Each structure stands twice: as structure tokens, then as C-alpha cells.
file upload_35.pdb (PDB, C-alpha atoms)
MODEL        1
ATOM      1  CA  MET A   1     166.405  78.854 -29.742  1.00  0.00           C
ATOM      2  CA  ASN A   2     164.472  78.524 -32.924  1.00  0.00           C
ATOM      3  CA  THR A   3     166.316  79.795 -36.013  1.00  0.00           C
ATOM      4  CA  ALA A   4     163.208  81.695 -37.066  1.00  0.00           C
ATOM      5  CA  GLU A   5     163.491  83.736 -33.855  1.00  0.00           C
ATOM      6  CA  THR A   6     167.068  84.769 -34.591  1.00  0.00           C
ATOM      7  CA  THR A   7     166.641  85.951 -38.149  1.00  0.00           C
ATOM      8  CA  THR A   8     168.486  89.072 -39.176  1.00  0.00           C
ATOM      9  CA  LYS A   9     166.528  92.262 -39.248  1.00  0.00           C
ATOM     10  CA  SER A  10     167.017  93.735 -42.705  1.00  0.00           C
ATOM     11  CA  SER A  11     163.306  94.332 -43.220  1.00  0.00           C
ATOM     12  CA  PRO A  12     160.325  94.569 -40.904  1.00  0.00           C
ATOM     13  CA  THR A  13     158.952  91.180 -39.931  1.00  0.00           C
ATOM     14  CA  LYS A  14     155.444  90.234 -40.825  1.00  0.00           C
ATOM     15  CA  LEU A  15     154.814  89.245 -37.221  1.00  0.00           C
ATOM     16  CA  PRO A  16     151.911  90.994 -35.507  1.00  0.00           C
ATOM     17  CA  THR A  17     152.432  93.487 -32.717  1.00  0.00           C
ATOM     18  CA  VAL A  18     151.838  91.886 -29.335  1.00  0.00           C
ATOM     19  CA  GLY A  19     148.674  92.778 -27.423  1.00  0.00           C
ATOM     20  CA  LEU A  20     148.305  94.618 -24.153  1.00  0.00           C
ATOM     21  CA  SER A  21     147.689  91.638 -21.854  1.00  0.00           C
ATOM     22  CA  ARG A  22     150.832  89.694 -22.833  1.00  0.00           C
ATOM     23  CA  ARG A  23     152.819  92.912 -22.691  1.00  0.00           C
ATOM     24  CA  LEU A  24     151.586  93.510 -19.122  1.00  0.00           C
ATOM     25  CA  PHE A  25     152.517  89.967 -18.075  1.00  0.00           C
ATOM     26  CA  ALA A  26     156.023  90.422 -19.503  1.00  0.00           C
ATOM     27  CA  ILE A  27     156.336  93.752 -17.658  1.00  0.00           C
ATOM     28  CA  LEU A  28     155.284  92.076 -14.404  1.00  0.00           C
ATOM     29  CA  TYR A  29     157.768  89.221 -14.913  1.00  0.00           C
ATOM     30  CA  ASP A  30     160.613  91.611 -15.735  1.00  0.00           C
ATOM     31  CA  SER A  31     159.660  93.867 -12.809  1.00  0.00           C
ATOM     32  CA  LEU A  32     160.092  90.990 -10.366  1.00  0.00           C
ATOM     33  CA  LEU A  33     163.462  90.045 -11.851  1.00  0.00           C
ATOM     34  CA  LEU A  34     164.587  93.680 -11.871  1.00  0.00           C
ATOM     35  CA  LEU A  35     163.525  94.111  -8.241  1.00  0.00           C
ATOM     36  CA  ALA A  36     165.710  91.165  -7.230  1.00  0.00           C
ATOM     37  CA  LEU A  37     168.620  92.591  -9.222  1.00  0.00           C
ATOM     38  CA  LEU A  38     168.164  96.039  -7.646  1.00  0.00           C
ATOM     39  CA  LEU A  39     168.208  94.515  -4.155  1.00  0.00           C
ATOM     40  CA  VAL A  40     171.558  92.895  -4.955  1.00  0.00           C
ATOM     41  CA  ALA A  41     172.839  96.127  -6.536  1.00  0.00           C
ATOM     42  CA  ALA A  42     171.813  98.107  -3.439  1.00  0.00           C
ATOM     43  CA  ALA A  43     173.623  95.592  -1.248  1.00  0.00           C
ATOM     44  CA  VAL A  44     176.734  95.957  -3.418  1.00  0.00           C
ATOM     45  CA  GLY A  45     176.364  99.733  -3.121  1.00  0.00           C
ATOM     46  CA  THR A  46     176.580  99.516   0.661  1.00  0.00           C
ATOM     47  CA  ILE A  47     180.153  98.260   0.309  1.00  0.00           C
ATOM     48  CA  PHE A  48     181.113 101.878  -0.368  1.00  0.00           C
ATOM     49  CA  THR A  49     179.292 103.134   2.744  1.00  0.00           C
ATOM     50  CA  ASP A  50     180.895 100.637   5.157  1.00  0.00           C
ATOM     51  CA  GLY A  51     177.640  98.725   5.397  1.00  0.00           C
ATOM     52  CA  GLU A  52     175.581 101.743   6.399  1.00  0.00           C
ATOM     53  CA  ALA A  53     172.275 102.502   4.718  1.00  0.00           C
ATOM     54  CA  THR A  54     172.373 105.389   2.273  1.00  0.00           C
ATOM     55  CA  ASP A  55     170.128 108.398   2.539  1.00  0.00           C
ATOM     56  CA  PRO A  56     166.947 108.072   0.433  1.00  0.00           C
ATOM     57  CA  GLY A  57     167.980 110.988  -1.789  1.00  0.00           C
ATOM     58  CA  ASN A  58     171.582 109.882  -2.279  1.00  0.00           C
ATOM     59  CA  PRO A  59     172.402 110.808  -5.905  1.00  0.00           C
ATOM     60  CA  LEU A  60     175.205 108.238  -6.234  1.00  0.00           C
ATOM     61  CA  MET A  61     173.000 105.345  -5.173  1.00  0.00           C
ATOM     62  CA  ALA A  62     170.128 106.573  -7.355  1.00  0.00           C
ATOM     63  CA  THR A  63     172.480 106.843 -10.342  1.00  0.00           C
ATOM     64  CA  TRP A  64     173.924 103.389  -9.656  1.00  0.00           C
ATOM     65  CA  LEU A  65     170.452 101.813  -9.498  1.00  0.00           C
ATOM     66  CA  PHE A  66     169.380 103.700 -12.646  1.00  0.00           C
ATOM     67  CA  PHE A  67     172.345 102.286 -14.594  1.00  0.00           C
ATOM     68  CA  VAL A  68     171.702  98.779 -13.285  1.00  0.00           C
ATOM     69  CA  SER A  69     168.079  99.082 -14.429  1.00  0.00           C
ATOM     70  CA  PHE A  70     169.117 100.358 -17.852  1.00  0.00           C
ATOM     71  CA  PHE A  71     171.673  97.570 -18.236  1.00  0.00           C
ATOM     72  CA  TYR A  72     169.022  94.951 -17.333  1.00  0.00           C
ATOM     73  CA  PHE A  73     167.035  95.992 -20.419  1.00  0.00           C
ATOM     74  CA  ALA A  74     169.746  97.276 -22.779  1.00  0.00           C
ATOM     75  CA  TRP A  75     171.998  94.213 -22.786  1.00  0.00           C
ATOM     76  CA  PRO A  76     169.373  91.648 -23.841  1.00  0.00           C
ATOM     77  CA  TRP A  77     167.606  94.069 -26.186  1.00  0.00           C
ATOM     78  CA  LEU A  78     170.866  94.693 -28.053  1.00  0.00           C
ATOM     79  CA  ASN A  79     171.767  91.000 -28.210  1.00  0.00           C
ATOM     80  CA  THR A  80     168.497  89.123 -28.732  1.00  0.00           C
ATOM     81  CA  GLY A  81     165.734  91.730 -28.568  1.00  0.00           C
ATOM     82  CA  GLN A  82     164.301  89.918 -25.543  1.00  0.00           C
ATOM     83  CA  THR A  83     164.532  90.239 -21.771  1.00  0.00           C
ATOM     84  CA  LEU A  84     163.820  87.136 -19.693  1.00  0.00           C
ATOM     85  CA  GLY A  85     160.198  88.204 -19.272  1.00  0.00           C
ATOM     86  CA  MET A  86     159.855  88.740 -23.004  1.00  0.00           C
ATOM     87  CA  LYS A  87     161.348  85.297 -23.745  1.00  0.00           C
ATOM     88  CA  THR A  88     158.859  83.702 -21.387  1.00  0.00           C
ATOM     89  CA  TRP A  89     155.924  85.414 -23.099  1.00  0.00           C
ATOM     90  CA  ARG A  90     157.414  84.957 -26.605  1.00  0.00           C
ATOM     91  CA  ILE A  91     157.783  88.648 -27.372  1.00  0.00           C
ATOM     92  CA  ARG A  92     160.660  90.347 -29.189  1.00  0.00           C
ATOM     93  CA  LEU A  93     161.657  93.990 -29.549  1.00  0.00           C
ATOM     94  CA  GLU A  94     162.457  95.210 -33.049  1.00  0.00           C
ATOM     95  CA  ARG A  95     162.695  98.486 -34.886  1.00  0.00           C
ATOM     96  CA  ILE A  96     159.659  99.486 -36.913  1.00  0.00           C
ATOM     97  CA  ASP A  97     161.792  99.846 -40.045  1.00  0.00           C
ATOM     98  CA  GLY A  98     163.339  96.392 -39.545  1.00  0.00           C
ATOM     99  CA  LYS A  99     166.915  97.618 -39.136  1.00  0.00           C
ATOM    100  CA  PRO A 100     169.035  96.392 -36.193  1.00  0.00           C
ATOM    101  CA  LEU A 101     168.375  97.927 -32.793  1.00  0.00           C
ATOM    102  CA  THR A 102     170.877 100.574 -31.752  1.00  0.00           C
ATOM    103  CA  LEU A 103     171.824 101.836 -28.336  1.00  0.00           C
ATOM    104  CA  TRP A 104     170.106 105.124 -29.232  1.00  0.00           C
ATOM    105  CA  HIS A 105     166.739 103.413 -29.861  1.00  0.00           C
ATOM    106  CA  ILE A 106     167.100 101.421 -26.664  1.00  0.00           C
ATOM    107  CA  LEU A 107     167.948 104.526 -24.638  1.00  0.00           C
ATOM    108  CA  LEU A 108     164.955 106.366 -26.104  1.00  0.00           C
ATOM    109  CA  ARG A 109     162.695 103.402 -25.333  1.00  0.00           C
ATOM    110  CA  PHE A 110     163.977 103.037 -21.777  1.00  0.00           C
ATOM    111  CA  LEU A 111     163.706 106.737 -20.944  1.00  0.00           C
ATOM    112  CA  SER A 112     160.296 107.214 -22.560  1.00  0.00           C
ATOM    113  CA  ALA A 113     158.889 104.028 -20.996  1.00  0.00           C
ATOM    114  CA  ILE A 114     159.460 105.378 -17.489  1.00  0.00           C
ATOM    115  CA  PRO A 115     156.707 108.023 -17.689  1.00  0.00           C
ATOM    116  CA  SER A 116     154.722 106.026 -20.261  1.00  0.00           C
ATOM    117  CA  ILE A 117     154.304 103.085 -17.894  1.00  0.00           C
ATOM    118  CA  GLY A 118     154.787 104.923 -14.612  1.00  0.00           C
ATOM    119  CA  LEU A 119     152.022 107.501 -15.002  1.00  0.00           C
ATOM    120  CA  GLY A 120     149.149 105.086 -14.611  1.00  0.00           C
ATOM    121  CA  GLY A 121     150.173 103.241 -17.754  1.00  0.00           C
ATOM    122  CA  VAL A 122     148.927 106.049 -20.009  1.00  0.00           C
ATOM    123  CA  GLY A 123     151.506 105.081 -22.632  1.00  0.00           C
ATOM    124  CA  LEU A 124     150.263 101.503 -22.656  1.00  0.00           C
ATOM    125  CA  TRP A 125     146.610 102.505 -22.829  1.00  0.00           C
ATOM    126  CA  TRP A 126     147.519 104.434 -25.975  1.00  0.00           C
ATOM    127  CA  MET A 127     147.828 101.027 -27.675  1.00  0.00           C
ATOM    128  CA  LEU A 128     144.066 100.633 -27.501  1.00  0.00           C
ATOM    129  CA  PHE A 129     143.606 103.683 -29.729  1.00  0.00           C
ATOM    130  CA  ASN A 130     146.571 103.217 -32.069  1.00  0.00           C
ATOM    131  CA  ASN A 131     145.880 101.321 -35.304  1.00  0.00           C
ATOM    132  CA  ASP A 132     149.250  99.536 -35.124  1.00  0.00           C
ATOM    133  CA  LYS A 133     148.860  98.690 -31.395  1.00  0.00           C
ATOM    134  CA  LEU A 134     151.905 100.794 -30.508  1.00  0.00           C
ATOM    135  CA  ALA A 135     152.431 102.239 -27.044  1.00  0.00           C
ATOM    136  CA  LEU A 136     153.720 105.806 -26.698  1.00  0.00           C
ATOM    137  CA  HIS A 137     157.245 104.610 -25.925  1.00  0.00           C
ATOM    138  CA  ASP A 138     157.096 102.367 -29.026  1.00  0.00           C
ATOM    139  CA  ILE A 139     156.232 105.378 -31.161  1.00  0.00           C
ATOM    140  CA  PHE A 140     158.838 107.620 -29.563  1.00  0.00           C
ATOM    141  CA  SER A 141     161.660 105.070 -29.935  1.00  0.00           C
ATOM    142  CA  GLU A 142     160.514 103.779 -33.361  1.00  0.00           C
ATOM    143  CA  THR A 143     160.356 100.232 -32.012  1.00  0.00           C
ATOM    144  CA  ARG A 144     157.640  97.643 -31.493  1.00  0.00           C
ATOM    145  CA  LEU A 145     157.081  94.383 -29.671  1.00  0.00           C
ATOM    146  CA  VAL A 146     156.263  91.477 -31.965  1.00  0.00           C
ATOM    147  CA  ASP A 147     154.363  88.309 -31.146  1.00  0.00           C
ATOM    148  CA  LEU A 148     156.601  85.265 -31.574  1.00  0.00           C
ATOM    149  CA  LYS A 149     153.765  82.815 -30.887  1.00  0.00           C
ATOM    150  CA  GLN A 150     153.106  82.954 -34.619  1.00  0.00           C
ATOM    151  CA  LEU A 151     156.445  81.234 -35.355  1.00  0.00           C
ATOM    152  CA  LYS A 152     156.507  77.473 -35.660  1.00  0.00           C
ATOM    153  CA  GLN A 153     158.010  75.758 -32.657  1.00  0.00           C
TER     154      GLN A 153
ENDMDL
END

call {"tool": "encode", "arguments": {"input": "upload_35.pdb", "output": "C-alpha cells"}}
result
Amino acid sequence: MNTAETTTKSSPTKLPTVGLSRRLFAILYDSLLLLALLLVAAAVGTIFTDGEATDPGNPLMATWLFFVSFFYFAWPWLNTGQTLGMKTWRIRLERIDGKPLTLWHILLRFLSAIPSIGLGGVGLWWMLFNNDKLALHDIFSETRLVDLKQLKQ
């Protein structure tokens, strides 16, 4: 990885906020990877039901899959600021104030992104009207996605 991509975050970077189209492609990429992970997690969950399918409203399975989903995003965001989809599209998550990401910011982002993206993408469409190109979940979690294409390779 390029050393410019792993710089410490003591001040906000001068990198531009990533646009909607690249953000959507990263979401699609991560959605496919997350789907595969959730299929494996559901299979692992059936170990505790003797191989039987769980009821659709089973709270234990829903909680298990929720935590797996959160972990898929939280682990890479805390370590590098990038999921696999974000690395592919050269996007990084950072705090607006430039300080290191915390678990609190990541939890806020994850929880607020669910309705922001899930309700017809209303939170993403907000970017088109925001001067800083921030989605609603960016604003709520005080984070932003920066465009790493501007860095020298």
C-alpha cells in the first residue's frame, strides 16, 4: 500500500469527498462480499439448530447476522478506513475533523447508513444537495469518504 494512503490522521486531509457514482459502485461491491459472508454465517448458525432452518423471525439468528454485518465494516474501518469494496474503488473513510476513527463513529455510521441507504437511498441523494457532498450518514457520524485517486500511485 502506498505510504500516502496510510498517513496518520491528525488533521483533515485535503483530499476531495468521493462522488455518488463511485460510492454506489463500492456499496455494490461490498454488498456482494457481505452477502457471501452472511451465507456462511447463516450456515454456521445452523450448527446450533442441528442443521435445521431457523424461523424467519428468529431473534438469535437476526442478532448473529447483524453482528457479522457490523464486524464486516467495523474491522477494516478501524484498521485502514477501507473495506474491500472501498479499496477497489480507492475510497477511504475518515473523520471530518481529521482525528482517528473511533468505534463510536463507526457504530453511528453503520446504524445511520441502514435507513439512509435502505430507504430508497434518500441519505445518498442528500449528497447532491450538500455543498460538501456528504450523505446523511456522513453528517450524522461526522465522517466522510475521501477520493484516493488524487494520490500519486

call {"tool": "residues_around", "arguments": {"input": "upload_35.pdb", "residues": "Leu145 (chain A)", "least_positions_apart": "2", "cutoff": "10 Å", "atoms": "all atoms listed in the file", "output": "MDAnalysis selection string"}}
result
chainID A and resid 15:19 23 81:82 86 90:96 133:135 138 143 147:148

call {"tool": "atom_distance", "arguments": {"input": "upload_35.pdb", "atom1": "CA of Gly45 (chain A)", "atom2": "CA of Thr63 (chain A)"}}
result
10.9 Å

call {"tool": "closest_residue", "arguments": {"input": "upload_35.pdb", "among": "A:Tyr29, A:Tyr72, A:Trp64, A:Phe140", "to": "Ala113 (chain A)", "atoms": "all atoms listed in the file"}}
result
A:Phe140

call {"tool": "atom_distance", "arguments": {"input": "upload_35.pdb", "atom1": "CA of Glu142 (chain A)", "atom2": "CA of Leu111 (chain A)"}}
result
13.2 Å

call {"tool": "atom_distance", "arguments": {"input": "upload_35.pdb", "atom1": "CA of Pro59 (chain A)", "atom2": "CA of Leu119 (chain A)"}}
result
22.6 Å

call {"tool": "residues_near_point", "arguments": {"input": "upload_35.pdb", "point": "(166.1, 97.0, -7.2)", "cutoff": "12 Å", "atoms": "all atoms listed in the file", "output": "list in words"}}
result
Asp30, Ser31, Leu32, Leu33, Leu34, Leu35, Ala36, Leu37, Leu38, Leu39, Val40, Ala41, Ala42, Ala43, Val44, Gly45, Met61, Ala62, Trp64, Leu65, Phe66, Phe67, Val68, Ser69, Phe70 and Tyr72 of chain A

call {"tool": "closest_residue", "arguments": {"input": "upload_35.pdb", "among": "A:Phe48, A:Leu136, A:Ile27, A:Thr83", "to": "Ser112 (chain A)", "atoms": "all atoms listed in the file"}}
result
A:Leu136
